[in-house]
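Q: My questions will all concern the structure given below.
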Number of protein chains: 2
Amino acid sequence: MRVFGIDCGTELTGYGVVQMDQRAATSRLQHVADGTIRLNKKHATPQRLAQVYAELCVQIELHAPDVVAIEEVFFAANAKSALKLGQVRGVAMLAAATCNRPVAEYAPLSIKSAVVGYGLAAKDQVQFMVKRLLRLEGDFSSADAADALAIAICHLHTAQTEVQTVLNAKLPAARLNHSGPHPEGVSR
Amino acid sequence: MRVFGIDCGTELTGYGVVQMDQRAATSRLQHVADGTIRLNKKHATPQRLAQVYAELCVQIELHAPDVVAIEEVFFAANAKSALKLGQVRGVAMLAAATCNRPVAEYAPLSIKSAVVGYGLAAKDQVQFMVKRLLRLEGDFSSADAADALAIAICHLHTAQTEVQTVLNAKLPAARLNHSGPHPEGVSR
């Protein structure tokens with residue numbers, strides 16, 4: 001399974017692509033790509049939104065993910081900043097819809113819990129764990145790209161947990177029938 | 001000049017097209033079209049945003065306006081509702097950018113002032129004046145379509161005032177030269 005994570009921002013929007021082969025004996029996360037869309041402050045909002053949309057469409061088509069994962073936001077400094085962030089989030093979701101990819105949304109608490117194991121973890125703790133989980137060396141292209149990778153990892157961990165839960169629920173019945181297949185996760 | 005007004009909403013998005021021939025002796029507003037994009041509550045957000053984007057692109061291309069006008073929003077019940085409204089607003093501005101139309105934004109106070117002459121006017125007062133200014137009979141397709149027409153009227157009134165201000169500033173110089181042209185507004 002391949003996931004395209006997006007961290008929306010009014011100036012920088014990060015994206016990160018992570019893959020996990022759930023058929024493998026030990027599911028390992030694999031870093032595929034990450035990047036940052038930097039918006040020109042001199043451009044008007046519609047042009048900036050058009051840039052985010054065009055670049056995300058190109059990257060989603062290029063990496064052909066199974067799912068696009070985006071952070072859910074419930075609070076902001078004020079209504080104006082929430083509205084501006086919403087505008088970028090709207091075109092990001094539209095880019096996923098245009099490329100026919102389903103969208104999954106995760107609360108910041110879930111993302112931090114999935115990556116660090118602690119919902120109130122600091123930004124640098126998240127970045128440290130993203131580097132470690134993906135076996136990356138060097139710096140990220142931006143903090144937003146690191147956040148986007150964290151969102152993608154969150155989806156993969158959540159999907160893996162769901163697959164495992166379904167398998168655990170099915171196992172007793174399979175054992176009773178003496179004909180159950182070996183548990184296998186959803187594979188890309 | 002022809003203006004395409006958009007009133008964004010998370011369930012209904014209204015649009016209204018108004019035209020004014022500024023060359024005419026008495027500039028009269030002319031209703032061209034209005035409509036409402038009704039979103040299916042059962043659809044996921046990305047599909048709803050895709051519907052708003054597709055329908056707005058079709059309507060903007062069809063009516064070929066000089067400008068797309070949208071309401072500015074500075075407050076909302078909470079950050080979550082501001083974010084959701086921002087998502088629709090983002091794809092509306094993207095639709096204008098895709099169709100190569102400039103976007104003008106107006107605060108609710110300016111829209112009410114331009115249409116009713118009073119910034120704190122009630123919704124039904126705005127609708128009454130929109131009907132009167134456009135010489136419409138019968139009901140609007142929705143309150144959102146009426147709001148969209150009000151936004152378009154606001155842009156036309158503002159543009160007319162700006163043209164008049166520029167002409168008034170130029171007139172004394174023209175009179176001094178004894179060769180000034182007759183004042184003429186920007187025409188479609």
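Letters for chains follow the order of the structure tokens (A, B, ...), residue numbers begin at 1 for each chain, and ligand numbers begin at 1 in the order shown.
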Out of segment 22-186 of chain A, which residues get helix (DSSP H, G or I) from DSSP, as a PyMOL selection string?
A: chain A and resi 45-63+79-98+108-116+123-133+143-177
Q: Kindly provide, as JSON, numbers by chain, the residues of chain A having any atom no farther than 9 Å from an atom of chain B, counting only C-alpha atoms.
A: {"A": [44, 45, 46, 47, 48, 49, 50, 53, 73, 74, 75, 76, 77, 78, 79, 80, 81, 82, 83, 84, 85, 86, 87, 88, 89, 90, 91, 92, 93, 94, 95, 96, 97, 98, 102, 103]}
Q: Closest to Leu109 of chain B among B:Arg2, B:Lys41, B:Arg132, B:Lys123, using only C-alpha atoms?
A: B:Lys123
Q: Could you give me, as a PyMOL selection string, the residues within 12 Å of Gly117 of chain A, counting only C-alpha atoms and dropping anything in the same chain fewer than 3 positions from it?
A: chain A and resi 109-114+120-122+125-126+129-130+154+157
Q: So that I can check the surroundings of Gly14 of chain A, please list as number ranges by chain every protein, DNA and RNA residue that reaches within 7 Å of it, counting only C-alpha atoms and ignoring chain neighbours fewer than 4 positions away.
A: A: 6-8, 35-37, 144-145, 148
Q: So, with only C-alpha atoms as the atoms that count, which of A:Ala69, A:Leu39, A:Leu29, A:Leu62 lies closest to Gly9 of chain A?
A: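 Comparing A:Ala69, A:Leu39, A:Leu29, A:Leu62 against Gly9 of chain A, the winner is A:Leu39.
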